[in-house]
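What follows is a single structure, written as structure tokens, with notes after it.
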Amino acid sequence: MEGEAAYGFIVNVDAQGSGLLSDTEKPDMRRRLYDVTGTAFEQAGIRPPRLYQEDRGDGILGVLAPDVPPVRVLGEWVEHLHQNLRESNRHLRKPLRLRVGLHIGRVTADLHGRSGRAVDLACRLADCGVAKAILKAADGAPLVVAASDRVHEDFIVPGGRWVDPEHYRRHDVELKEGRTTAWFMVPGRSQPPEPPEERGPDAADGPDGRQGPPRGDPPRTPAPKDAGSGVVQNINQHGTGRIVVGGTIDTINFSDGGDR
């Protein structure tokens, strides 16, 4: 019912590098995007009305009904999507490469589409810097999957058909809402490649397209060198007692405290 939140598994698909395509190239990209994802849902036995899809221009938002086992998406759908992409990209000069964000949670439906914090997170994961960097570093790979920490704990760790938790690698990512943990997988590889250090959501590229200086502790300023090799010990003595100093002292200056 409109306006009421329902529990659902969220699949957000984004095309890598779509902003570099011309107006004449984008219609073909979108056709292939819908073909490979839609065929994968059919192959996994996931169809409307248990599957809702919403166009996102260079991507597709999907929300699955609560009775669809998430492991079917993580296993069968992801594997079919991977193979469909490989077949579709064969001999293409500009292959279609996709980033998939996965999360589960409350989704609200209205006349205009689907919304909710869970939807936002799935979209953010697919669009985050780590997902883009991993796919860029995975030369020749057409797909990267970014799963939320909750999806990983509840559905990936137990495993299942074509679901191997050992193939996922954890990264803490910076999103607009803050820092969160996500798990990344590149189908066909035992582990995704290690991406360069992630930038925050508002970080800007340098003029050569590279990120700015790496985060971390600022460089230390070296301590000034001693003017000489001797050690001078200044001692203000008030009253009586012994003075214990470690090391070798060349000069000792005593003061009795002046007028005190």
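Going by the structure tokens order, chains are called A, B, ..., each with residues numbered from 1, while ligands are numbered from 1 in the order shown.
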
- Quick one: residues within 8 Å of Tyr7 (chain A), only C-alpha atoms counted, chain neighbours fewer than 3 positions away excluded, as number ranges by chain? A: 65-66, 104-107

Can you write just those residues out, N, CA, C and O atoms, as a compact mmCIF listing (two decimals), in the first residue's frame?
```txt
# COMPACT_ATOMS: atom_id res chain seq x y z
N ALA A 65 10.49 -8.54 -3.44
CA ALA A 65 9.51 -8.85 -2.40
C ALA A 65 10.16 -9.65 -1.28
O ALA A 65 11.16 -10.34 -1.50
N PRO A 66 9.60 -9.57 -0.07
CA PRO A 66 10.20 -10.26 1.07
C PRO A 66 10.32 -11.77 0.90
O PRO A 66 11.15 -12.41 1.56
N ILE A 104 19.43 -4.48 2.39
CA ILE A 104 18.10 -4.97 2.75
C ILE A 104 17.55 -4.09 3.86
O ILE A 104 18.28 -3.65 4.75
N GLY A 105 16.25 -3.78 3.78
CA GLY A 105 15.66 -2.92 4.79
C GLY A 105 14.28 -2.45 4.40
O GLY A 105 13.64 -2.99 3.49
N ARG A 106 13.82 -1.42 5.08
CA ARG A 106 12.47 -0.88 4.87
C ARG A 106 12.45 0.03 3.64
O ARG A 106 13.30 0.89 3.49
N VAL A 107 11.44 -0.18 2.80
CA VAL A 107 11.28 0.59 1.57
C VAL A 107 9.84 1.11 1.52
O VAL A 107 8.88 0.36 1.74
```

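Considering the residues A:Gln16, A:Leu64, A:Glu25, A:Asp35 and counting only C-alpha atoms, Ala133 (chain A) has its shortest atom-to-atom contact with A:Gln16.
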
- Task: Might you pull out every residue within 10 Å of Ala138 (chain A), with only C-alpha atoms counted and same-chain residues fewer than 6 positions away left off, and present them as a PyMOL selection string?
- Result: chain A and resi 132+144+186+189+192-195

- Would you mind listing what lies within 10 Å of Val130 (chain A) as an NGL selection string, with only C-alpha atoms counted and same-chain residues fewer than 4 positions away left out? :A and (125-126 or 134-136 or 146 or 171-174 or 182 or 184 or 194-199)

Restricting it to N, CA, C and O atoms, dump the selection as a PDB file, in the first residue's frame.
```
ATOM      1  N   LEU A 125      26.347   2.680  -2.140  1.00  0.00           N
ATOM      2  CA  LEU A 125      27.361   1.635  -2.256  1.00  0.00           C
ATOM      3  C   LEU A 125      27.742   1.407  -3.712  1.00  0.00           C
ATOM      4  O   LEU A 125      28.924   1.231  -4.035  1.00  0.00           O
ATOM      5  N   ALA A 126      26.758   1.388  -4.596  1.00  0.00           N
ATOM      6  CA  ALA A 126      27.062   1.185  -6.009  1.00  0.00           C
ATOM      7  C   ALA A 126      27.845   2.351  -6.598  1.00  0.00           C
ATOM      8  O   ALA A 126      28.600   2.179  -7.558  1.00  0.00           O
ATOM      9  N   ILE A 134      37.773  -0.247  -7.542  1.00  0.00           N
ATOM     10  CA  ILE A 134      37.980  -1.688  -7.686  1.00  0.00           C
ATOM     11  C   ILE A 134      37.685  -2.132  -9.111  1.00  0.00           C
ATOM     12  O   ILE A 134      38.452  -2.897  -9.711  1.00  0.00           O
ATOM     13  N   LEU A 135      36.581  -1.659  -9.683  1.00  0.00           N
ATOM     14  CA  LEU A 135      36.242  -2.059 -11.046  1.00  0.00           C
ATOM     15  C   LEU A 135      37.274  -1.523 -12.042  1.00  0.00           C
ATOM     16  O   LEU A 135      37.631  -2.200 -13.010  1.00  0.00           O
ATOM     17  N   LYS A 136      37.769  -0.321 -11.779  1.00  0.00           N
ATOM     18  CA  LYS A 136      38.801   0.242 -12.655  1.00  0.00           C
ATOM     19  C   LYS A 136      40.085  -0.576 -12.564  1.00  0.00           C
ATOM     20  O   LYS A 136      40.769  -0.807 -13.571  1.00  0.00           O
ATOM     21  N   ALA A 146      28.958  -4.625  -4.463  1.00  0.00           N
ATOM     22  CA  ALA A 146      29.201  -3.978  -3.172  1.00  0.00           C
ATOM     23  C   ALA A 146      28.028  -4.287  -2.257  1.00  0.00           C
ATOM     24  O   ALA A 146      26.910  -3.810  -2.489  1.00  0.00           O
ATOM     25  N   HIS A 171      35.928  -3.240   3.138  1.00  0.00           N
ATOM     26  CA  HIS A 171      36.483  -1.881   3.085  1.00  0.00           C
ATOM     27  C   HIS A 171      35.556  -0.951   3.850  1.00  0.00           C
ATOM     28  O   HIS A 171      34.324  -1.085   3.783  1.00  0.00           O
ATOM     29  N   ASP A 172      36.133  -0.013   4.579  1.00  0.00           N
ATOM     30  CA  ASP A 172      35.352   1.070   5.170  1.00  0.00           C
ATOM     31  C   ASP A 172      35.292   2.197   4.147  1.00  0.00           C
ATOM     32  O   ASP A 172      36.333   2.648   3.648  1.00  0.00           O
ATOM     33  N   VAL A 173      34.097   2.638   3.824  1.00  0.00           N
ATOM     34  CA  VAL A 173      33.915   3.621   2.760  1.00  0.00           C
ATOM     35  C   VAL A 173      33.297   4.895   3.312  1.00  0.00           C
ATOM     36  O   VAL A 173      32.535   4.876   4.275  1.00  0.00           O
ATOM     37  N   GLU A 174      33.645   5.998   2.682  1.00  0.00           N
ATOM     38  CA  GLU A 174      33.097   7.306   3.054  1.00  0.00           C
ATOM     39  C   GLU A 174      31.905   7.625   2.163  1.00  0.00           C
ATOM     40  O   GLU A 174      32.037   7.729   0.948  1.00  0.00           O
ATOM     41  N   ALA A 182      31.526  -1.926   4.013  1.00  0.00           N
ATOM     42  CA  ALA A 182      30.932  -2.634   2.883  1.00  0.00           C
ATOM     43  C   ALA A 182      31.857  -3.776   2.474  1.00  0.00           C
ATOM     44  O   ALA A 182      33.039  -3.800   2.831  1.00  0.00           O
ATOM     45  N   PHE A 184      33.124  -6.174  -0.885  1.00  0.00           N
ATOM     46  CA  PHE A 184      33.218  -6.087  -2.337  1.00  0.00           C
ATOM     47  C   PHE A 184      33.663  -7.423  -2.930  1.00  0.00           C
ATOM     48  O   PHE A 184      34.499  -8.130  -2.363  1.00  0.00           O
ATOM     49  N   GLU A 194      43.015  -4.686  -4.783  1.00  0.00           N
ATOM     50  CA  GLU A 194      43.077  -3.641  -3.759  1.00  0.00           C
ATOM     51  C   GLU A 194      43.027  -2.280  -4.443  1.00  0.00           C
ATOM     52  O   GLU A 194      43.866  -1.974  -5.287  1.00  0.00           O
ATOM     53  N   PRO A 195      42.039  -1.438  -4.116  1.00  0.00           N
ATOM     54  CA  PRO A 195      41.950  -0.132  -4.768  1.00  0.00           C
ATOM     55  C   PRO A 195      42.912   0.860  -4.131  1.00  0.00           C
ATOM     56  O   PRO A 195      43.387   0.645  -3.013  1.00  0.00           O
ATOM     57  N   PRO A 196      43.187   1.967  -4.820  1.00  0.00           N
ATOM     58  CA  PRO A 196      43.943   3.045  -4.167  1.00  0.00           C
ATOM     59  C   PRO A 196      43.158   3.556  -2.971  1.00  0.00           C
ATOM     60  O   PRO A 196      41.968   3.274  -2.821  1.00  0.00           O
ATOM     61  N   GLU A 197      43.836   4.311  -2.114  1.00  0.00           N
ATOM     62  CA  GLU A 197      43.186   4.828  -0.910  1.00  0.00           C
ATOM     63  C   GLU A 197      41.961   5.620  -1.282  1.00  0.00           C
ATOM     64  O   GLU A 197      41.986   6.477  -2.171  1.00  0.00           O
ATOM     65  N   GLU A 198      40.861   5.317  -0.586  1.00  0.00           N
ATOM     66  CA  GLU A 198      39.592   5.972  -0.894  1.00  0.00           C
ATOM     67  C   GLU A 198      39.598   7.413  -0.443  1.00  0.00           C
ATOM     68  O   GLU A 198      40.159   7.763   0.580  1.00  0.00           O
ATOM     69  N   ARG A 199      38.935   8.256  -1.237  1.00  0.00           N
ATOM     70  CA  ARG A 199      38.736   9.654  -0.848  1.00  0.00           C
ATOM     71  C   ARG A 199      37.370   9.839  -0.225  1.00  0.00           C
ATOM     72  O   ARG A 199      36.486   9.023  -0.406  1.00  0.00           O
TER      73      ARG A 199
END
```

- Could you give me, as a list in words, the residues within 12 Å of Gln83 (chain A), counting only C-alpha atoms and dropping anything in the same chain fewer than 2 positions from it? Val36, Thr37, Thr39, Ala40, Gln43, Glu76, Trp77, Val78, Glu79, His80, Leu81, Leu85, Arg86, Glu87, Ser88, Asn89, Arg90, Ala141, Pro142, Leu143, Pro187 and Gly188 of chain A

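Nearest-residue note for Leu121 (chain A): choosing from A:Leu33, A:Ala6, A:Leu51, A:Val100, the minimum distance belongs to A:Val100, counting only C-alpha atoms.
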
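For the set A:Ser115, A:Ser22, A:Asn84, A:Asn12, the residue with the smallest atom-to-atom gap to Arg99 (chain A) is A:Asn12, counting only C-alpha atoms.
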
- From a DSSP pass on the backbone, collect the residues of region 57-214 of chain A flagged as strand (DSSP E) and hand them back as a ChimeraX atom specification. /A:59-64,98-110,113-115,143-148,169-175,178-185

- Query: Which polymer residues have any atom within 10 Å of an atom of Val163 (chain A), counting only C-alpha atoms, with same-chain residues fewer than 3 positions away left out, as a ChimeraX atom specification?
  - Reply: /A:71-76,78-79,155-160,166-168

- Message: Quick check, in Å to one decimal: how far apart do CA of Asp139 (chain A) and CA of Gly17 (chain A) lie?
- Response: 14.1 Å

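The coordinates place CA of Gly45 (chain A) at 20.5 Å from CA of Val151 (chain A).
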
- Message: Run DSSP on the backbone and tell me which residues of region 50-182 of chain A come out as alpha helix (DSSP H); list them as a ChimeraX atom specification.
- Response: /A:70-72,78-88,117-127,129-137,149-151

Could you save the residues just selected, with N, CA and C atoms, as a CSV table (one decimal), in the first residue's frame?
```csv
chain,number,residue,atom,x,y,z
A,70,PRO,N,17.2,-13.8,-0.5
A,70,PRO,CA,18.4,-13.0,-0.9
A,70,PRO,C,19.5,-13.8,-1.5
A,71,VAL,N,19.7,-15.0,-1.0
A,71,VAL,CA,20.8,-15.8,-1.5
A,71,VAL,C,20.7,-16.1,-3.0
A,72,ARG,N,19.4,-16.0,-3.5
A,72,ARG,CA,19.2,-16.2,-4.9
A,72,ARG,C,19.8,-15.1,-5.8
A,78,VAL,N,23.7,-12.8,-9.6
A,78,VAL,CA,25.0,-12.2,-9.8
A,78,VAL,C,25.8,-13.0,-10.8
A,79,GLU,N,25.8,-14.4,-10.7
A,79,GLU,CA,26.5,-15.2,-11.7
A,79,GLU,C,25.9,-15.1,-13.1
A,80,HIS,N,24.6,-15.1,-13.2
A,80,HIS,CA,24.0,-15.0,-14.5
A,80,HIS,C,24.3,-13.6,-15.1
A,81,LEU,N,24.3,-12.5,-14.3
A,81,LEU,CA,24.6,-11.2,-14.8
A,81,LEU,C,26.0,-11.1,-15.3
A,82,HIS,N,26.9,-11.7,-14.5
A,82,HIS,CA,28.4,-11.8,-14.9
A,82,HIS,C,28.5,-12.4,-16.3
A,83,GLN,N,27.9,-13.6,-16.5
A,83,GLN,CA,28.0,-14.3,-17.7
A,83,GLN,C,27.3,-13.6,-18.9
A,84,ASN,N,26.2,-13.0,-18.6
A,84,ASN,CA,25.5,-12.2,-19.6
A,84,ASN,C,26.3,-11.0,-20.1
A,85,LEU,N,27.0,-10.3,-19.1
A,85,LEU,CA,27.9,-9.2,-19.5
A,85,LEU,C,29.1,-9.7,-20.3
A,86,ARG,N,29.7,-10.8,-20.0
A,86,ARG,CA,30.8,-11.3,-20.8
A,86,ARG,C,30.3,-11.6,-22.2
A,87,GLU,N,29.2,-12.2,-22.4
A,87,GLU,CA,28.7,-12.5,-23.7
A,87,GLU,C,28.3,-11.2,-24.5
A,88,SER,N,27.7,-10.2,-23.8
A,88,SER,CA,27.3,-9.0,-24.4
A,88,SER,C,28.5,-8.2,-24.8
A,117,ARG,N,15.9,5.0,3.7
A,117,ARG,CA,17.3,5.0,4.0
A,117,ARG,C,18.0,3.8,3.4
A,118,ALA,N,17.3,2.7,3.4
A,118,ALA,CA,17.9,1.4,2.8
A,118,ALA,C,18.1,1.6,1.3
A,119,VAL,N,17.2,2.3,0.6
A,119,VAL,CA,17.4,2.5,-0.8
A,119,VAL,C,18.6,3.4,-1.0
A,120,ASP,N,18.7,4.5,-0.2
A,120,ASP,CA,19.8,5.4,-0.3
A,120,ASP,C,21.1,4.7,-0.1
A,121,LEU,N,21.2,3.8,0.9
A,121,LEU,CA,22.5,3.1,1.1
A,121,LEU,C,22.9,2.2,-0.1
A,122,ALA,N,21.9,1.4,-0.6
A,122,ALA,CA,22.2,0.6,-1.8
A,122,ALA,C,22.7,1.4,-2.9
A,123,CYS,N,22.1,2.6,-3.2
A,123,CYS,CA,22.6,3.5,-4.2
A,123,CYS,C,24.0,4.0,-4.0
A,124,ARG,N,24.2,4.4,-2.7
A,124,ARG,CA,25.5,5.0,-2.3
A,124,ARG,C,26.6,3.9,-2.5
A,125,LEU,N,26.3,2.7,-2.1
A,125,LEU,CA,27.4,1.6,-2.3
A,125,LEU,C,27.7,1.4,-3.7
A,126,ALA,N,26.8,1.4,-4.6
A,126,ALA,CA,27.1,1.2,-6.0
A,126,ALA,C,27.8,2.4,-6.6
A,127,ASP,N,27.7,3.5,-6.0
A,127,ASP,CA,28.3,4.7,-6.6
A,127,ASP,C,29.5,5.2,-5.8
A,129,GLY,N,33.3,5.5,-4.1
A,129,GLY,CA,34.7,5.6,-4.7
A,129,GLY,C,35.4,4.3,-4.7
A,130,VAL,N,35.2,3.5,-3.7
A,130,VAL,CA,35.9,2.2,-3.6
A,130,VAL,C,35.4,1.2,-4.7
A,131,ALA,N,34.0,1.2,-4.9
A,131,ALA,CA,33.5,0.4,-6.0
A,131,ALA,C,34.0,0.8,-7.3
A,132,LYS,N,34.1,2.1,-7.6
A,132,LYS,CA,34.6,2.5,-8.9
A,132,LYS,C,36.1,2.2,-9.0
A,133,ALA,N,36.8,2.4,-8.0
A,133,ALA,CA,38.3,2.1,-8.0
A,133,ALA,C,38.5,0.6,-8.2
A,134,ILE,N,37.8,-0.2,-7.5
A,134,ILE,CA,38.0,-1.7,-7.7
A,134,ILE,C,37.7,-2.1,-9.1
A,135,LEU,N,36.6,-1.7,-9.7
A,135,LEU,CA,36.2,-2.1,-11.0
A,135,LEU,C,37.3,-1.5,-12.0
A,136,LYS,N,37.8,-0.3,-11.8
A,136,LYS,CA,38.8,0.2,-12.7
A,136,LYS,C,40.1,-0.6,-12.6
A,137,ALA,N,40.4,-1.0,-11.4
A,137,ALA,CA,41.6,-1.8,-11.2
A,137,ALA,C,41.5,-3.3,-11.7
A,149,ASP,N,27.2,-4.2,5.1
A,149,ASP,CA,27.6,-5.1,6.2
A,149,ASP,C,26.5,-6.0,6.7
A,150,ARG,N,25.3,-5.6,6.7
A,150,ARG,CA,24.2,-6.4,7.1
A,150,ARG,C,23.9,-7.5,6.1
A,151,VAL,N,24.0,-7.2,4.8
A,151,VAL,CA,23.8,-8.3,3.8
A,151,VAL,C,24.9,-9.3,4.0
```
